[in-house]
Structures are given as structure tokens and as C-alpha cells.
>>> print(open('start01.csv').read())   # CSV, C-alpha atoms and all ligand atoms
chain,number,residue,atom,x,y,z
J,1,ASN,CA,87.7,116.5,79.1
J,2,LYS,CA,88.0,118.0,82.6
J,3,GLN,CA,90.7,116.4,84.7
J,4,VAL,CA,92.2,116.5,88.2
J,5,VAL,CA,96.0,116.4,87.9
J,6,LEU,CA,98.7,116.3,90.5
J,7,LYS,CA,100.5,119.7,90.5
J,8,ASN,CA,103.3,118.8,92.9
J,9,PHE,CA,104.5,116.0,95.1
J,10,VAL,CA,103.1,116.2,98.6
J,11,VAL,CA,105.0,116.5,101.8
J,12,GLY,CA,102.9,116.6,105.0
J,13,PHE,CA,99.2,117.1,104.8
J,14,PRO,CA,97.8,117.3,101.3
J,15,LYS,CA,96.1,120.5,100.2
J,16,GLU,CA,93.6,121.3,97.5
J,17,SER,CA,96.3,123.4,95.8
J,18,ASP,CA,98.5,120.3,95.3
J,19,MET,CA,96.0,119.4,92.6
J,20,ASP,CA,94.8,121.3,89.6
J,21,ILE,CA,91.6,121.2,87.5
J,22,VAL,CA,92.6,121.3,83.9
J,23,GLU,CA,90.9,120.9,80.5
J,24,GLY,CA,92.6,117.9,78.8
J,25,THR,CA,91.9,116.6,75.4
J,26,ILE,CA,90.7,113.1,74.6
J,27,THR,CA,89.7,111.5,71.3
J,28,LEU,CA,86.3,110.1,72.0
J,29,LYS,CA,87.2,107.1,69.9
J,30,VAL,CA,89.0,103.8,70.7
J,31,PRO,CA,92.0,103.3,68.4
J,32,GLU,CA,91.5,100.4,65.9
J,33,ASP,CA,94.0,97.9,67.3
J,34,SER,CA,93.7,98.8,71.0
J,35,SER,CA,92.2,96.8,73.9
J,36,ASP,CA,91.3,100.1,75.6
J,37,VAL,CA,87.8,100.8,76.6
J,38,LEU,CA,86.4,104.4,76.5
J,39,LEU,CA,84.6,105.1,79.7
J,40,LYS,CA,82.4,107.9,80.9
J,41,ASN,CA,83.2,108.2,84.6
J,42,LEU,CA,80.2,108.5,86.9
J,43,TYR,CA,81.3,108.0,90.5
J,44,LEU,CA,84.9,108.3,91.8
J,45,SER,CA,86.0,106.9,95.1
J,46,CYS,CA,88.2,109.0,97.5
J,47,ASP,CA,90.5,106.6,99.4
J,48,PRO,CA,93.1,107.2,102.1
J,49,TYR,CA,95.9,105.3,100.2
J,50,MET,CA,95.8,108.0,97.4
J,51,ARG,CA,97.8,110.3,99.7
J,52,LEU,CA,100.7,107.8,99.6
J,53,LEU,CA,100.7,107.9,95.8
J,54,MET,CA,101.1,111.7,95.9
J,55,THR,CA,104.5,111.2,97.5
J,56,LYS,CA,107.7,111.3,95.3
J,57,GLU,CA,108.5,107.6,94.6
J,58,GLU,CA,112.0,107.6,96.1
J,59,ASP,CA,110.6,109.1,99.4
J,60,LEU,CA,107.9,106.4,99.7
J,61,SER,CA,109.9,103.1,99.6
J,62,LEU,CA,106.8,101.0,99.5
J,63,GLY,CA,107.5,99.5,96.1
J,64,VAL,CA,104.4,101.0,94.6
J,65,VAL,CA,104.1,103.2,91.5
J,66,THR,CA,103.1,106.7,92.6
J,67,TYR,CA,101.2,109.4,90.6
J,68,THR,CA,102.8,111.2,87.7
J,69,LEU,CA,103.0,115.0,87.9
J,70,HIS,CA,100.5,116.9,85.6
J,71,SER,CA,98.6,113.6,84.9
J,72,PRO,CA,95.2,112.7,86.2
J,73,LEU,CA,95.0,110.9,89.5
J,74,THR,CA,93.9,107.3,89.3
J,75,GLY,CA,91.5,105.6,91.6
J,76,ASN,CA,88.5,103.3,91.7
J,77,GLY,CA,85.3,104.4,90.1
J,78,VAL,CA,82.0,103.4,88.6
J,79,SER,CA,81.9,104.2,84.8
J,80,GLU,CA,79.7,103.6,81.8
J,81,VAL,CA,81.2,102.0,78.7
J,82,VAL,CA,81.0,104.4,75.7
J,83,GLU,CA,83.0,102.4,73.2
J,84,SER,CA,84.9,99.1,73.3
J,85,ARG,CA,86.7,96.7,71.0
J,86,ASP,CA,86.9,94.1,73.7
J,87,PRO,CA,84.0,91.7,73.1
J,88,ASP,CA,83.5,91.4,76.9
J,89,TYR,CA,82.3,95.0,77.1
J,90,GLU,CA,79.7,96.8,75.1
J,91,LYS,CA,78.3,100.4,75.0
J,92,GLY,CA,76.1,101.0,77.9
J,93,ASP,CA,77.7,98.5,80.3
J,94,LEU,CA,78.3,99.7,83.8
J,95,VAL,CA,81.7,98.8,85.2
J,96,TYR,CA,83.8,99.2,88.3
J,97,GLY,CA,87.5,99.3,88.5
J,98,MET,CA,90.6,101.5,88.2
J,99,THR,CA,89.9,104.7,86.3
J,100,LYS,CA,91.2,108.2,86.1
J,101,TRP,CA,90.0,111.4,87.7
J,102,GLU,CA,88.6,112.9,84.6
J,103,GLU,CA,85.2,113.0,82.7
J,104,TYR,CA,86.1,110.4,80.1
J,105,SER,CA,89.0,107.9,80.2
J,106,LEU,CA,90.6,105.5,77.8
J,107,ILE,CA,91.8,102.6,79.9
J,108,PRO,CA,92.9,99.0,79.2
J,109,SER,CA,90.0,96.6,79.6
J,110,SER,CA,92.2,94.5,81.9
J,111,GLN,CA,91.9,97.3,84.5
J,112,ILE,CA,88.1,96.8,84.8
J,113,LEU,CA,87.5,94.7,87.9
J,114,PHE,CA,83.9,93.7,87.1
J,115,LYS,CA,80.8,94.5,85.2
J,116,ILE,CA,78.0,95.7,87.4
J,117,VAL,CA,75.0,93.4,87.1
J,118,HIS,CA,73.0,94.2,90.2
J,119,THR,CA,71.5,97.6,89.6
J,120,ASP,CA,68.7,97.5,92.2
J,121,VAL,CA,71.1,99.1,94.7
J,122,PRO,CA,72.5,102.7,94.4
J,123,LEU,CA,75.3,102.6,91.8
J,124,SER,CA,77.6,104.6,94.1
J,125,TYR,CA,77.6,101.6,96.5
J,126,TYR,CA,80.1,100.0,94.1
J,127,THR,CA,82.7,102.5,95.3
J,128,GLY,CA,81.9,101.6,98.9
J,129,ILE,CA,80.0,98.7,100.4
J,130,LEU,CA,80.0,96.7,97.2
J,131,GLY,CA,83.5,97.7,96.1
J,132,MET,CA,87.0,97.9,97.6
J,133,PRO,CA,86.1,99.2,101.1
J,134,GLY,CA,83.4,96.5,101.4
J,135,LEU,CA,85.7,93.7,100.5
J,136,THR,CA,88.3,95.1,102.8
J,137,ALA,CA,85.9,95.1,105.8
J,138,TYR,CA,84.7,91.6,104.9
J,139,GLY,CA,88.2,90.0,104.4
J,140,GLY,CA,89.8,91.9,107.2
J,141,PHE,CA,87.1,91.1,109.7
J,142,PHE,CA,86.0,87.5,108.8
J,143,ASP,CA,89.2,86.2,107.3
J,144,VAL,CA,92.0,87.9,109.3
J,145,SER,CA,90.4,88.4,112.7
J,146,SER,CA,88.6,85.1,113.1
J,147,PRO,CA,85.6,86.5,115.1
J,148,LYS,CA,83.7,84.5,117.6
J,149,LYS,CA,80.3,85.2,119.2
J,150,GLY,CA,80.7,87.3,122.3
J,151,ASP,CA,84.1,88.8,121.2
J,152,ASN,CA,84.8,92.4,122.3
J,153,VAL,CA,85.6,94.4,119.2
J,154,PHE,CA,87.0,97.9,118.9
J,155,VAL,CA,87.0,99.7,115.6
J,156,SER,CA,88.9,103.0,114.9
J,157,ALA,CA,87.8,105.4,112.1
J,158,ALA,CA,84.6,103.6,112.8
J,159,ALA,CA,82.3,106.0,110.9
J,160,GLY,CA,84.3,105.7,107.6
J,161,ALA,CA,83.9,103.6,104.5
J,162,VAL,CA,85.5,100.5,106.0
J,163,GLY,CA,84.9,101.0,109.8
J,164,GLN,CA,81.1,101.3,109.6
J,165,LEU,CA,80.9,97.9,107.9
J,166,VAL,CA,83.3,96.2,110.3
J,167,GLY,CA,81.1,97.3,113.2
J,168,GLN,CA,78.0,96.0,111.5
J,169,PHE,CA,79.6,92.7,110.5
J,170,ALA,CA,80.8,92.3,114.1
J,171,LYS,CA,77.2,92.9,115.4
J,172,LEU,CA,75.9,90.4,112.9
J,173,SER,CA,78.4,87.9,114.4
J,174,GLY,CA,77.2,88.4,117.9
J,175,CYS,CA,80.1,90.6,119.1
J,176,TYR,CA,80.1,93.6,121.4
J,177,VAL,CA,81.3,96.5,119.4
J,178,VAL,CA,82.7,100.0,120.3
J,179,GLY,CA,83.8,102.5,117.7
J,180,SER,CA,85.9,105.7,117.9
J,181,ALA,CA,85.4,108.6,115.6
J,182,GLY,CA,86.3,112.3,115.4
J,183,SER,CA,83.0,114.2,115.9
J,184,LYS,CA,79.7,114.1,117.9
J,185,GLU,CA,77.8,113.7,114.6
J,186,LYS,CA,79.8,110.5,113.8
J,187,VAL,CA,79.3,109.2,117.3
J,188,ASP,CA,75.6,109.7,117.1
J,189,LEU,CA,75.6,107.9,113.8
J,190,LEU,CA,77.5,104.9,115.1
J,191,LYS,CA,75.1,104.5,118.1
J,192,ASN,CA,71.8,105.4,116.5
J,193,LYS,CA,72.1,104.3,112.9
J,194,LEU,CA,74.9,101.8,112.5
J,195,GLY,CA,74.1,99.7,115.6
J,196,PHE,CA,77.3,100.0,117.5
J,197,ASP,CA,76.9,99.2,121.2
J,198,GLU,CA,79.0,102.2,122.2
J,199,ALA,CA,81.0,104.9,120.5
J,200,PHE,CA,83.1,107.8,121.6
J,201,ASN,CA,84.8,110.9,120.1
J,202,TYR,CA,88.5,110.3,120.5
J,203,LYS,CA,89.2,114.0,120.0
J,204,GLU,CA,87.3,114.8,123.2
J,205,GLU,CA,88.8,112.0,125.3
J,206,PRO,CA,91.6,113.5,127.4
J,207,ASP,CA,92.7,109.9,128.3
J,208,LEU,CA,92.2,107.3,125.6
J,209,ASN,CA,93.4,104.5,128.0
J,210,ALA,CA,90.7,105.5,130.5
J,211,ALA,CA,88.1,105.5,127.7
J,212,LEU,CA,89.1,102.0,126.6
J,213,LYS,CA,89.0,100.8,130.2
J,214,ARG,CA,85.5,102.3,130.5
J,215,TYR,CA,84.1,100.4,127.5
J,216,PHE,CA,86.2,97.2,127.7
J,217,ARG,CA,86.3,96.2,131.4
J,218,GLU,CA,87.5,92.8,130.4
J,219,GLY,CA,89.7,93.9,127.5
J,220,ILE,CA,89.6,93.8,123.7
J,221,ASP,CA,89.5,90.6,121.7
J,222,ILE,CA,89.6,92.2,118.2
J,223,TYR,CA,91.0,95.7,117.5
J,224,PHE,CA,90.3,96.5,113.8
J,225,GLU,CA,93.2,98.9,113.2
J,226,ASN,CA,92.5,101.8,110.8
J,227,VAL,CA,94.5,104.7,112.3
J,228,GLY,CA,97.8,103.5,113.9
J,229,GLY,CA,100.0,105.7,116.1
J,230,LYS,CA,98.9,106.6,119.6
J,231,THR,CA,95.7,104.8,119.2
J,232,LEU,CA,97.5,101.5,118.5
J,233,ASP,CA,99.9,102.1,121.3
J,234,THR,CA,97.1,102.7,123.8
J,235,VAL,CA,95.1,99.7,122.6
J,236,LEU,CA,98.0,97.2,123.0
J,237,PRO,CA,97.9,97.0,126.8
J,238,ASN,CA,94.1,96.7,126.7
J,239,MET,CA,94.2,93.5,124.5
J,240,ARG,CA,92.9,90.3,126.0
J,241,LEU,CA,94.7,87.0,125.9
J,242,HIS,CA,94.8,85.6,122.3
J,243,GLY,CA,93.4,88.8,120.9
J,244,ARG,CA,93.7,89.7,117.2
J,245,ILE,CA,94.7,92.9,115.5
J,246,PRO,CA,93.9,93.0,111.8
J,247,VAL,CA,96.0,95.9,110.5
J,248,CYS,CA,94.0,97.5,107.8
J,249,GLY,CA,95.4,101.0,107.7
J,250,MET,CA,97.3,103.7,109.7
J,251,ILE,CA,95.8,106.9,108.4
J,252,SER,CA,97.2,109.0,111.3
J,253,GLN,CA,100.7,108.3,110.0
J,254,TYR,CA,100.3,108.9,106.2
J,255,ASN,CA,101.0,112.6,106.4
J,256,LEU,CA,103.8,112.5,109.0
J,257,THR,CA,107.4,113.0,107.8
J,258,GLN,CA,108.5,111.2,111.0
J,259,PRO,CA,106.1,108.3,112.0
J,260,GLU,CA,105.2,108.1,115.7
J,261,GLY,CA,106.8,105.3,117.6
J,262,VAL,CA,104.8,102.5,119.2
J,263,THR,CA,106.2,101.5,122.6
J,264,ASN,CA,103.8,98.8,123.8
J,265,LEU,CA,104.5,96.0,121.3
J,266,ALA,CA,105.7,93.7,124.1
J,267,HIS,CA,102.0,93.2,125.0
J,268,LEU,CA,101.7,91.1,121.8
J,269,ILE,CA,103.9,88.6,123.6
J,270,PHE,CA,102.4,88.8,127.1
J,271,LYS,CA,98.9,88.4,125.7
J,272,ARG,CA,99.7,86.1,122.8
J,273,VAL,CA,98.1,88.6,120.4
J,274,LYS,CA,98.1,88.0,116.7
J,275,MET,CA,98.7,91.2,114.7
J,276,GLU,CA,98.4,90.8,111.0
J,277,GLY,CA,98.6,93.3,108.1
J,278,PHE,CA,96.6,92.7,105.0
J,279,ASN,CA,95.9,94.2,101.6
J,280,VAL,CA,92.4,94.1,100.0
J,281,ASN,CA,94.0,92.6,96.9
J,282,ASP,CA,94.5,89.4,99.0
J,283,PHE,CA,90.8,88.9,99.1
J,284,CYS,CA,89.9,89.2,95.4
J,285,HIS,CA,89.0,85.5,95.3
J,286,LEU,CA,86.4,86.2,98.0
J,287,PHE,CA,84.6,88.8,96.0
J,288,PRO,CA,81.8,86.6,94.5
J,289,LYS,CA,81.1,85.2,98.0
J,290,PHE,CA,81.2,88.7,99.5
J,291,LEU,CA,78.6,89.9,97.0
J,292,GLU,CA,76.3,86.9,97.9
J,293,PHE,CA,76.7,87.9,101.5
J,294,ALA,CA,76.3,91.7,101.2
J,295,LEU,CA,73.5,92.1,98.6
J,296,PRO,CA,70.8,90.4,100.6
J,297,LEU,CA,71.9,92.3,103.7
J,298,ILE,CA,71.5,95.6,101.9
J,299,ARG,CA,68.2,94.6,100.3
J,300,GLU,CA,66.7,93.5,103.6
J,301,GLY,CA,68.0,96.6,105.4
J,302,LYS,CA,70.1,94.5,107.8
J,303,VAL,CA,73.2,96.5,106.9
J,304,VAL,CA,73.0,100.2,106.1
J,305,TYR,CA,75.7,102.3,104.4
J,306,VAL,CA,76.4,106.0,105.0
J,307,GLU,CA,77.9,107.9,102.1
J,308,ASP,CA,79.2,111.4,101.8
J,309,ILE,CA,78.4,112.4,98.3
J,310,VAL,CA,80.0,115.5,96.6
J,311,GLU,CA,78.8,116.7,93.3
J,312,GLY,CA,81.2,117.7,90.5
J,313,LEU,CA,84.8,116.7,89.5
J,314,GLU,CA,85.9,120.2,90.4
J,315,ASN,CA,85.1,119.4,94.1
J,316,ALA,CA,87.1,116.2,94.1
J,317,PRO,CA,90.4,117.7,95.5
J,318,ALA,CA,88.6,119.1,98.5
J,319,ALA,CA,86.8,115.8,99.1
J,320,LEU,CA,90.0,113.9,99.0
J,321,VAL,CA,91.9,116.2,101.3
J,322,GLY,CA,89.0,116.1,103.7
J,323,LEU,CA,89.7,112.4,104.5
J,324,TYR,CA,92.8,113.4,106.5
J,325,THR,CA,90.9,115.9,108.7
J,326,GLY,CA,87.8,113.7,109.1
J,327,ALA,CA,85.6,116.0,107.1
J,328,ASN,CA,83.8,113.0,105.5
J,329,VAL,CA,80.9,111.4,107.2
J,330,GLY,CA,80.8,107.9,105.8
J,331,LYS,CA,82.2,106.8,102.4
J,332,GLN,CA,83.5,109.8,100.4
J,333,VAL,CA,82.2,109.7,96.9
J,334,VAL,CA,82.5,112.2,94.0
J,335,VAL,CA,79.8,112.4,91.4
J,336,VAL,CA,81.3,113.2,88.0
J,337,ALA,CA,78.1,112.5,86.0
J,338,HIS,CA,74.8,110.9,86.7
J,339,GLU,CA,74.0,107.7,84.8
M,401,LIG,P1,87.5,106.7,105.9
M,401,LIG,O1,86.2,106.7,105.1
M,401,LIG,O2,87.4,106.1,107.3
M,401,LIG,O3,88.1,108.1,106.0
M,401,LIG,C1,89.2,108.4,106.7
M,401,LIG,C2,88.9,108.7,108.2
M,401,LIG,O4,90.0,108.5,109.0
M,401,LIG,C3,88.5,110.2,108.4
M,401,LIG,O5,87.1,110.4,108.1
M,401,LIG,C4,88.8,110.4,109.9
M,401,LIG,O6,87.7,110.1,110.7
M,401,LIG,C5,89.9,109.4,110.1
M,401,LIG,N1,91.2,110.0,110.4
M,401,LIG,C6,91.9,110.9,109.6
M,401,LIG,N2,93.0,111.3,110.2
M,401,LIG,C7,93.1,110.7,111.4
M,401,LIG,C8,94.0,110.7,112.4
M,401,LIG,N3,95.1,111.5,112.4
M,401,LIG,N4,93.7,110.0,113.5
M,401,LIG,C9,92.6,109.2,113.6
M,401,LIG,N5,91.7,109.2,112.6
M,401,LIG,C10,91.9,109.9,111.5
M,401,LIG,O7,88.5,105.8,105.2
M,401,LIG,P2,88.5,104.3,104.8
M,401,LIG,O8,87.4,103.6,105.6
M,401,LIG,O9,88.4,104.2,103.3
M,401,LIG,O10,89.9,103.7,105.3
M,401,LIG,C11,90.1,103.4,106.6
M,401,LIG,C12,91.5,102.9,106.8
M,401,LIG,O11,91.6,101.6,106.1
M,401,LIG,C13,92.6,103.8,106.2
M,401,LIG,O12,93.7,103.7,107.1
M,401,LIG,C14,92.9,103.1,104.9
M,401,LIG,O13,94.2,103.4,104.5
M,401,LIG,C15,92.7,101.7,105.2
M,401,LIG,N6,92.4,100.8,104.1
M,401,LIG,C16,93.2,99.7,103.9
M,401,LIG,C17,93.0,98.8,102.9
M,401,LIG,C18,93.8,97.6,102.8
M,401,LIG,O14,93.8,97.0,101.7
M,401,LIG,N7,94.6,97.3,103.8
M,401,LIG,C19,91.9,99.0,101.9
M,401,LIG,C20,91.0,100.2,102.2
M,401,LIG,C21,91.3,101.1,103.3
M,401,LIG,P3,87.6,110.7,112.2
M,401,LIG,O15,86.6,111.8,112.0
M,401,LIG,O16,87.0,109.6,112.9
M,401,LIG,O17,88.9,111.2,112.6
>>> encode(input="start01.csv", output="C-alpha cells")
Amino acid sequence: NKQVVLKNFVVGFPKESDMDIVEGTITLKVPEDSSDVLLKNLYLSCDPYMRLLMTKEEDLSLGVVTYTLHSPLTGNGVSEVVESRDPDYEKGDLVYGMTKWEEYSLIPSSQILFKIVHTDVPLSYYTGILGMPGLTAYGGFFDVSSPKKGDNVFVSAAAGAVGQLVGQFAKLSGCYVVGSAGSKEKVDLLKNKLGFDEAFNYKEEPDLNAALKRYFREGIDIYFENVGGKTLDTVLPNMRLHGRIPVCGMISQYNLTQPEGVTNLAHLIFKRVKMEGFNVNDFCHLFPKFLEFALPLIREGKVVYVEDIVEGLENAPAALVGLYTGANVGKQVVVVAHE
């Protein structure tokens, strides 16, 4: 049972060598009196928050349980049930939920988030548009930022798993949308495939403030925050009266031992801006409604989803590490086995 385990706690940027590929053993049998389900893992999701769980617990102070050394990483994935004693699951069921970075996993059935019933869309979509990132974009945009037709929306990390959806949801809501991303390829994708009105490569903008002024002459109504740090600081004075900043993530800060300071917070007062952090777990109750919303959009081609698919569990560490340098174009997925 091939596994990806954490070799050492991470300080600074994660490296492939912080993880090891090992050959673990697993009994391919569910113990008699257990509620565990034996899963064959098919698709694993690489998500930015995983870096935080690679930190030593006492150094993190976020009140979350971090990874255990020499044990497989955990994360969301799509799996096939091989054996189950829980009557809700049977052999052959496809499920999505928390699993481990290994070929086969024994996990408590309570960890399964849902059984996959709509299989006319790519199965990998359940790690992205139809899974955690999709629900994040849906709840963060519609619930937290209260969009209105005509709003000016700025999205950072716009070509990623969450950002590409926020931009498309904003367009469907009649907003003007600009995205920032870290390469020409991503900018082209945002403008030509994902329907953003404008996009720019923040790595090549010598003056982010000037870029924001160029695209938002009248200011920003909604800033969907994915990166934090200097980007947030530069956006704040560019917000419009009664603007909203749904704070989804701050990936630029996850690898810093000393987080960057944000100096322009007073603009929240001057402009009466509402800035609100959220966690995707807050939106679990919206999931059925979200599926009803997203499935027809996918089927009718009204929303597209870009994935960056890597084959083989042995390539998972590089894929995960690549999130923090922007190597991924779209949702980063690892194929462990094909269904
Ligand atoms: P992505 O697929 O967007 O991958 C991460 C991207 O972040 C990279 O491709 C890179 O794109 C960009 N990035 C990396 N480092 C930096 C940096 N220093 N400065 C600016 N951009 C950087 O990830 P997700 O869409 O899955 O996640 C986006 C954000 O949403 C993250 O902050 C994540 O933590 C957060 N999140 C929060 C959730 C919640 O419940 N609140 C749930 C899910 C995600 P580029 O080439 O453009 O630099």
C-alpha cells in the first residue's frame, strides 16, 4: 500500500523532500466490529491549507490537529468502496470525503461526506467544482459577499480551484470581473476561456496600485481575497463605499515565519467596508442547493472548470508543493487509480 507520509515538520516553503513515499501495509479487510470502510483511492485533492497542517502543532496556534510524522497525509479525495460493514455503503459505491494519501485506506464511515450519484460529469470534478473548492466559491461569493448586478469584482489567485469559479459566478451575476494570476498562460485562460472581463499577471506589474486603478476606475465593490499580504494592503484604498471583502484565504502568508503587516485597514472605516472571514465548513448546509445550481451549469457548458491533473501517487508531493509557487494551472488533482 503505497503512501505519502510527512517526514519532518515544515518551516518556510514546503519541499518535496519533506514527504516520503513509503510502502505501508494494510489488511484489505474491514475488522468485524468496526464502522470503518475500506476505500480504493482514485483522485486526491491538493489544497493550500495542507501546508498549515505540516507545521508543528504548538507553532501553529490555530487550534487544528496537524499531521502526524511518518503517517500518511490526509485530504479530500474521491474513492471507491471496496468493503463496508456500514449498511449505507456497499462495494462499488463512489464516495467523496476525507481520506489518506495512500492507495487503499481504512477510514471511519462518518468521514465520508457524500456518495457520488451524478456520474455524467468527470469524477475528478468532485475534488474541485463539485467538492470543497466549489462550495467555497459558492458560499464565499453568494453568501458572504452579497453580490449585486453591476458590482466591480476583483479576484486574486483567479486561475486556481476557487478563483476561477468565483469569477464565473460573478459574471453569471452580471458583475464586472477582473482576476490576477501569476503567469501569462493563466491570464490568457482567464480572459479567453473563463470569461473574465480583464486579467493581469501580478508578477509583472511593477505597481499593483496602478494596475488596480487601471481596471477599476470607480473602485472595487467586492474583493474575493485568496492571497493576503501586499495584495490586500493595496486593494484596501481601492475599495468603494460599502464594499465587501470575503476573506477566503491568504496563501502568500502560509509559508512566512513572520507574516507581512497590513497598514491600510483604516480604509475599512472610511469606506464602510465589510471584511469577513469564512470557513467552507460553514456552508455544508448549502451543499444540496449548490449541486442543484452547479450541475446544470456544467452540463450546459455555462461554467467550465480547468484542472491540472497529475498521474501517480508518487508525484503527489511535487503537485502539492507546486501550489505555493503557482505551478498549478487550475485545480490540482492527483490520480492514484482510474475507476
Ligand atoms: P489554487 O488552486 O488557487 O492554488 C494556489 C494558487 O495560489 C497558486 O496556483 C498561485 O497562483 C497562488 N499563489 C501561491 N503563492 C502565492 C503568493 N505568494 N502570492 C500570490 N498568489 C500565490 O488554490 P485554491 O483555489 O484551492 O485556494 C485559494 C485560496 O482559498 C487559498 O488561500 C486557500 O487557502 C483558500 N481556501 C479557503 C477555504 C476556506 O474554507 N476559507 C477553502 C478552500 C480554499 P498564481 O500563479 O496566481 O500565483
>>> closest_residue(input="start01.csv", among="J:Val321, J:Val37, J:Ala158, J:Val262", to="Asp88 of chain J", atoms="all atoms listed in the file")
J:Val37
>>> residues_around(input="start01.csv", residues="Gly261 of chain J", least_positions_apart="2", cutoff="10 Å", atoms="only C-alpha atoms", output="PDB file with C-alpha atoms, in the frame of the given file")
ATOM      1  CA  GLY J 228      97.800 103.500 113.900  1.00  0.00           C
ATOM      2  CA  GLY J 229     100.000 105.700 116.100  1.00  0.00           C
ATOM      3  CA  LYS J 230      98.900 106.600 119.600  1.00  0.00           C
ATOM      4  CA  ASP J 233      99.900 102.100 121.300  1.00  0.00           C
ATOM      5  CA  GLN J 258     108.500 111.200 111.000  1.00  0.00           C
ATOM      6  CA  PRO J 259     106.100 108.300 112.000  1.00  0.00           C
ATOM      7  CA  THR J 263     106.200 101.500 122.600  1.00  0.00           C
ATOM      8  CA  ASN J 264     103.800  98.800 123.800  1.00  0.00           C
TER       9      ASN J 264
END
>>> residues_around(input="start01.csv", residues="Leu53 of chain J", least_positions_apart="5", cutoff="12 Å", atoms="only C-alpha atoms", output="JSON, numbers by chain")
{"J": [6, 8, 9, 10, 11, 14, 47, 48, 58, 59, 60, 61, 62, 63, 64, 65, 66, 67, 68, 69, 73, 74, 75, 254, 255]}
>>> residues_near_ligand(input="start01.csv", ligand="ligand LIG 401 (chain M)", cutoff="6 Å", atoms="all atoms listed in the file", output="PyMOL selection string")
chain J and resi 47-49+133+136+157+160-163+181-183+226-227+248-252+278-280+323-328+330-331
>>> closest_residue(input="start01.csv", among="J:Tyr104, J:Phe283, J:Phe270, J:Phe200", to="Leu28 of chain J", atoms="only C-alpha atoms")
J:Tyr104
>>> closest_atom_pairs(input="start01.csv", of="segment 97-151 of chain J", to="segment 289-295 of chain J", cutoff="9 Å", atoms="only C-alpha atoms", output="tab-separated table")
residue	atom	partner	partner_atom	distance
J:His118	CA	J:Leu295	CA	8.7
J:Val121	CA	J:Leu295	CA	8.4
J:Ile129	CA	J:Ala294	CA	8.0
J:Leu130	CA	J:Leu291	CA	6.9
J:Gly134	CA	J:Phe290	CA	8.3
J:Leu135	CA	J:Phe290	CA	6.8
J:Tyr138	CA	J:Phe290	CA	7.1
J:Gly139	CA	J:Phe290	CA	8.6
>>> closest_residue(input="start01.csv", among="J:Asn152, J:Ser105, J:Leu236, J:Asn192", to="Glu218 of chain J", atoms="all atoms listed in the file")
J:Asn152
>>> closest_residue(input="start01.csv", among="J:Lys271, J:Leu190, J:Leu123, J:Met50", to="Val306 of chain J", atoms="all atoms listed in the file")
J:Leu190
>>> atom_distance(input="start01.csv", atom1="atom CA of Ser34 of chain J", atom2="atom CA of Pro108 of chain J")
8.2 Å
>>> atom_distance(input="start01.csv", atom1="atom CA of Leu106 of chain J", atom2="atom CA of Val30 of chain J")
7.5 Å
>>> residues_around(input="start01.csv", residues="Gly179 of chain J", least_positions_apart="2", cutoff="9 Å", atoms="all atoms listed in the file", output="list in words")
Val153, Phe154, Val155, Ser156, Ala157, Ala158, Ala159, Gly163, Gln164, Gly167, Val177, Ala181, Val187, Leu190, Lys191, Phe196, Asp197, Glu198, Ala199, Phe200 and Asn201 of chain J
>>> atom_distance(input="start01.csv", atom1="atom CA of Leu241 of chain J", atom2="atom CA of Ser145 of chain J")
14.0 Å
>>> residues_near_point(input="start01.csv", point="(80.1, 107.6, 78.8)", cutoff="8 Å", atoms="all atoms listed in the file", output="list in words")
Leu38, Leu39, Lys40, Asn41, Ser79, Glu80, Val81, Val82, Gly92 and Tyr104 of chain J
>>> closest_residue(input="start01.csv", among="J:Glu32, J:Glu225, J:Lys115, J:Glu83", to="Ser180 of chain J", atoms="only C-alpha atoms")
J:Glu225
>>> decode(input="start01.csv", residues="segment 47-85 of chain J", atoms="C-alpha atoms", output="PDB file, in the first residue's frame")
ATOM      1  CA  ASP J  47      -5.282  22.083  -1.188  1.00  0.00           C
ATOM      2  CA  PRO J  48      -3.363  25.093   0.177  1.00  0.00           C
ATOM      3  CA  TYR J  49      -4.495  24.518   3.797  1.00  0.00           C
ATOM      4  CA  MET J  50      -2.478  21.268   3.831  1.00  0.00           C
ATOM      5  CA  ARG J  51       0.720  23.288   4.301  1.00  0.00           C
ATOM      6  CA  LEU J  52      -0.631  24.579   7.619  1.00  0.00           C
ATOM      7  CA  LEU J  53      -1.119  21.007   8.830  1.00  0.00           C
ATOM      8  CA  MET J  54       2.553  20.302   8.066  1.00  0.00           C
ATOM      9  CA  THR J  55       3.523  22.740  10.834  1.00  0.00           C
ATOM     10  CA  LYS J  56       4.334  21.550  14.349  1.00  0.00           C
ATOM     11  CA  GLU J  57       1.088  21.935  16.310  1.00  0.00           C
ATOM     12  CA  GLU J  58       2.500  24.233  19.009  1.00  0.00           C
ATOM     13  CA  ASP J  59       3.894  26.590  16.325  1.00  0.00           C
ATOM     14  CA  LEU J  60       0.556  26.912  14.535  1.00  0.00           C
ATOM     15  CA  SER J  61      -1.802  28.053  17.327  1.00  0.00           C
ATOM     16  CA  LEU J  62      -4.898  27.716  15.125  1.00  0.00           C
ATOM     17  CA  GLY J  63      -6.485  25.038  17.270  1.00  0.00           C
ATOM     18  CA  VAL J  64      -6.415  22.452  14.472  1.00  0.00           C
ATOM     19  CA  VAL J  65      -4.928  18.967  14.587  1.00  0.00           C
ATOM     20  CA  THR J  66      -1.842  18.908  12.398  1.00  0.00           C
ATOM     21  CA  TYR J  67      -0.318  15.930  10.562  1.00  0.00           C
ATOM     22  CA  THR J  68       1.491  13.163  12.421  1.00  0.00           C
ATOM     23  CA  LEU J  69       5.080  12.465  11.440  1.00  0.00           C
ATOM     24  CA  HIS J  70       5.634   9.282   9.396  1.00  0.00           C
ATOM     25  CA  SER J  71       1.882   8.866   8.855  1.00  0.00           C
ATOM     26  CA  PRO J  72       0.065   9.409   5.565  1.00  0.00           C
ATOM     27  CA  LEU J  73      -1.162  12.927   4.854  1.00  0.00           C
ATOM     28  CA  THR J  74      -4.918  13.317   4.930  1.00  0.00           C
ATOM     29  CA  GLY J  75      -7.005  15.276   2.463  1.00  0.00           C
ATOM     30  CA  ASN J  76     -10.152  15.223   0.394  1.00  0.00           C
ATOM     31  CA  GLY J  77     -10.478  12.628  -2.289  1.00  0.00           C
ATOM     32  CA  VAL J  78     -12.736  10.563  -4.481  1.00  0.00           C
ATOM     33  CA  SER J  79     -12.641   6.861  -3.631  1.00  0.00           C
ATOM     34  CA  GLU J  80     -14.341   3.594  -4.444  1.00  0.00           C
ATOM     35  CA  VAL J  81     -15.734   1.439  -1.641  1.00  0.00           C
ATOM     36  CA  VAL J  82     -14.038  -1.947  -1.585  1.00  0.00           C
ATOM     37  CA  GLU J  83     -15.663  -3.278   1.565  1.00  0.00           C
ATOM     38  CA  SER J  84     -18.025  -1.887   4.197  1.00  0.00           C
ATOM     39  CA  ARG J  85     -19.937  -3.050   7.247  1.00  0.00           C
TER      40      ARG J  85
END
